[in-house]
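Take a look at the structure set out below.
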Amino acid sequence: MDGVPESHTGWTFLTNHARVLAAIADNHNARIRDIAAHCRLTERAVQKIIADLEEDGYLSHTREGRTNTYRIDPSKVLRHPAESGLAVASLLSLLARDEADRTATPEVDSRHHATA
């Protein structure tokens with residue numbers, strides 16, 4: 001799995017639930033093992049997160065043969081009161097743009113360099 005960062009210890013800005021949801025948004029037919037590898041989680045953890053997301057209506061799935069196809073409800077609002085009114089679609093659009101930026105050819109942007 002080239003390009004996937006190594007596991008990280010310590011705190012991070014995104015929850016595992018957000019990572020799993022973003023991975024599913026990227027591929028609605030992703031297998032649990034692929035989501036787990038991408039998010040650096042165990043398959044068991046991903047199964048639990050998917051169950052949480054389905055239980056609260058953020059995610060649903062249909063079984064097609066041996067494949068699950070996931071559907072995200074983009075209108076569901078985020079759970080924390082500080083993000084009240086902010087829809088899942090807004091979060092996913094931010095994460096999708098970031099993923100696209102990471103796969104694009106990096107360019108030097110002088111605005112990101114501080115001058116002394």
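Each chain in the structure tokens gets a letter, A, B, ..., in the order shown, and its residues are numbered from 1; ligands are numbered from 1 in order too.
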Residues near stretch 84-95 of chain A, cut-off 9 Å, only C-alpha atoms, skip fewer than 2 positions along chain, as a PyMOL selection string: chain A and resi 18-19+21-22+25+58+72-82+97-100
Near-stretch 60-70 of chain A list (7 Å; only C-alpha atoms; drop same-chain fewer than 5 positions) as a PyMOL selection string: chain A and resi 28-29+54
Now that the selection is made, can you save its residues with N, CA and C atoms as a compact mmCIF listing (two decimals), in the first residue's frame?
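Ended up saving to part14.txt:
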# COMPACT_ATOMS: atom_id res chain seq x y z
N HIS A 28 -17.43 3.56 -2.21
CA HIS A 28 -18.66 3.04 -1.58
C HIS A 28 -18.71 1.51 -1.55
N ASN A 29 -17.83 0.87 -2.27
CA ASN A 29 -17.78 -0.60 -2.28
C ASN A 29 -16.53 -1.13 -1.58
N GLU A 54 -24.00 3.34 11.24
CA GLU A 54 -25.30 2.85 10.77
C GLU A 54 -26.37 3.04 11.84
Pick from A:Thr9, A:Val20, A:Thr15, A:Arg71 nearest to A:Val46, counting only C-alpha atoms: A:Val20
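The residue that comes closest to A:Asp52, out of A:Gly10, A:Asn27, A:Asn16, A:Glu83 and on the basis of only C-alpha atoms, is A:Asn16.
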Separation of atom CA of A:His38 from atom CA of A:Ala96 in Å: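 Going from atom CA of A:Ala96 over to atom CA of A:His38 covers 14.4 Å.
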Interatomic distance (Å, one decimal) between atom CA of A:Ala30 and atom CA of A:Leu59: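 Straight-line distance from atom CA of A:Ala30 to atom CA of A:Leu59 works out to 13.5 Å.
Separating atom CA of A:Ala23 from atom CA of A:Ala51 is a distance of 15.1 Å.
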DSSP alpha helix (DSSP H) residues within stretch 21-57 of chain A, as a list of chain:residue names: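 DSSP-assigned alpha helix (DSSP H) residues in stretch 21-57 of chain A: A:Leu21, A:Ala22, A:Ala23, A:Ile24, A:Ala25, A:Asp26, A:Ile32, A:Arg33, A:Asp34, A:Ile35, A:Ala36, A:Ala37, A:His38, A:Cys39, A:Glu43, A:Arg44, A:Ala45, A:Val46, A:Gln47, A:Lys48, A:Ile49, A:Ile50, A:Ala51, A:Asp52, A:Leu53, A:Glu54, A:Glu55.
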How would the residues just picked look written out with C-alpha atoms as a CSV table (one decimal), in the first residue's frame?
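Contents of selection-v2.csv, freshly written:
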chain,number,residue,atom,x,y,z
A,21,LEU,CA,-16.5,7.7,6.8
A,22,ALA,CA,-14.0,9.5,4.5
A,23,ALA,CA,-12.6,6.1,3.2
A,24,ILE,CA,-16.2,4.9,2.5
A,25,ALA,CA,-17.0,8.2,0.7
A,26,ASP,CA,-13.9,7.6,-1.5
A,32,ILE,CA,-13.6,-3.7,5.5
A,33,ARG,CA,-10.0,-5.0,5.2
A,34,ASP,CA,-9.2,-2.2,2.7
A,35,ILE,CA,-10.8,0.5,5.0
A,36,ALA,CA,-8.9,-0.9,7.9
A,37,ALA,CA,-5.6,-0.9,6.1
A,38,HIS,CA,-6.1,2.7,4.8
A,39,CYS,CA,-7.1,4.0,8.2
A,43,GLU,CA,-10.9,-4.9,10.9
A,44,ARG,CA,-12.8,-5.4,14.1
A,45,ALA,CA,-12.5,-1.6,14.9
A,46,VAL,CA,-13.8,-0.7,11.5
A,47,GLN,CA,-16.7,-3.1,11.9
A,48,LYS,CA,-17.6,-1.4,15.2
A,49,ILE,CA,-17.3,2.1,13.7
A,50,ILE,CA,-19.5,1.1,10.7
A,51,ALA,CA,-22.1,-0.3,13.2
A,52,ASP,CA,-22.0,3.0,15.1
A,53,LEU,CA,-22.4,5.1,11.9
A,54,GLU,CA,-25.3,2.9,10.8
A,55,GLU,CA,-27.0,2.9,14.2
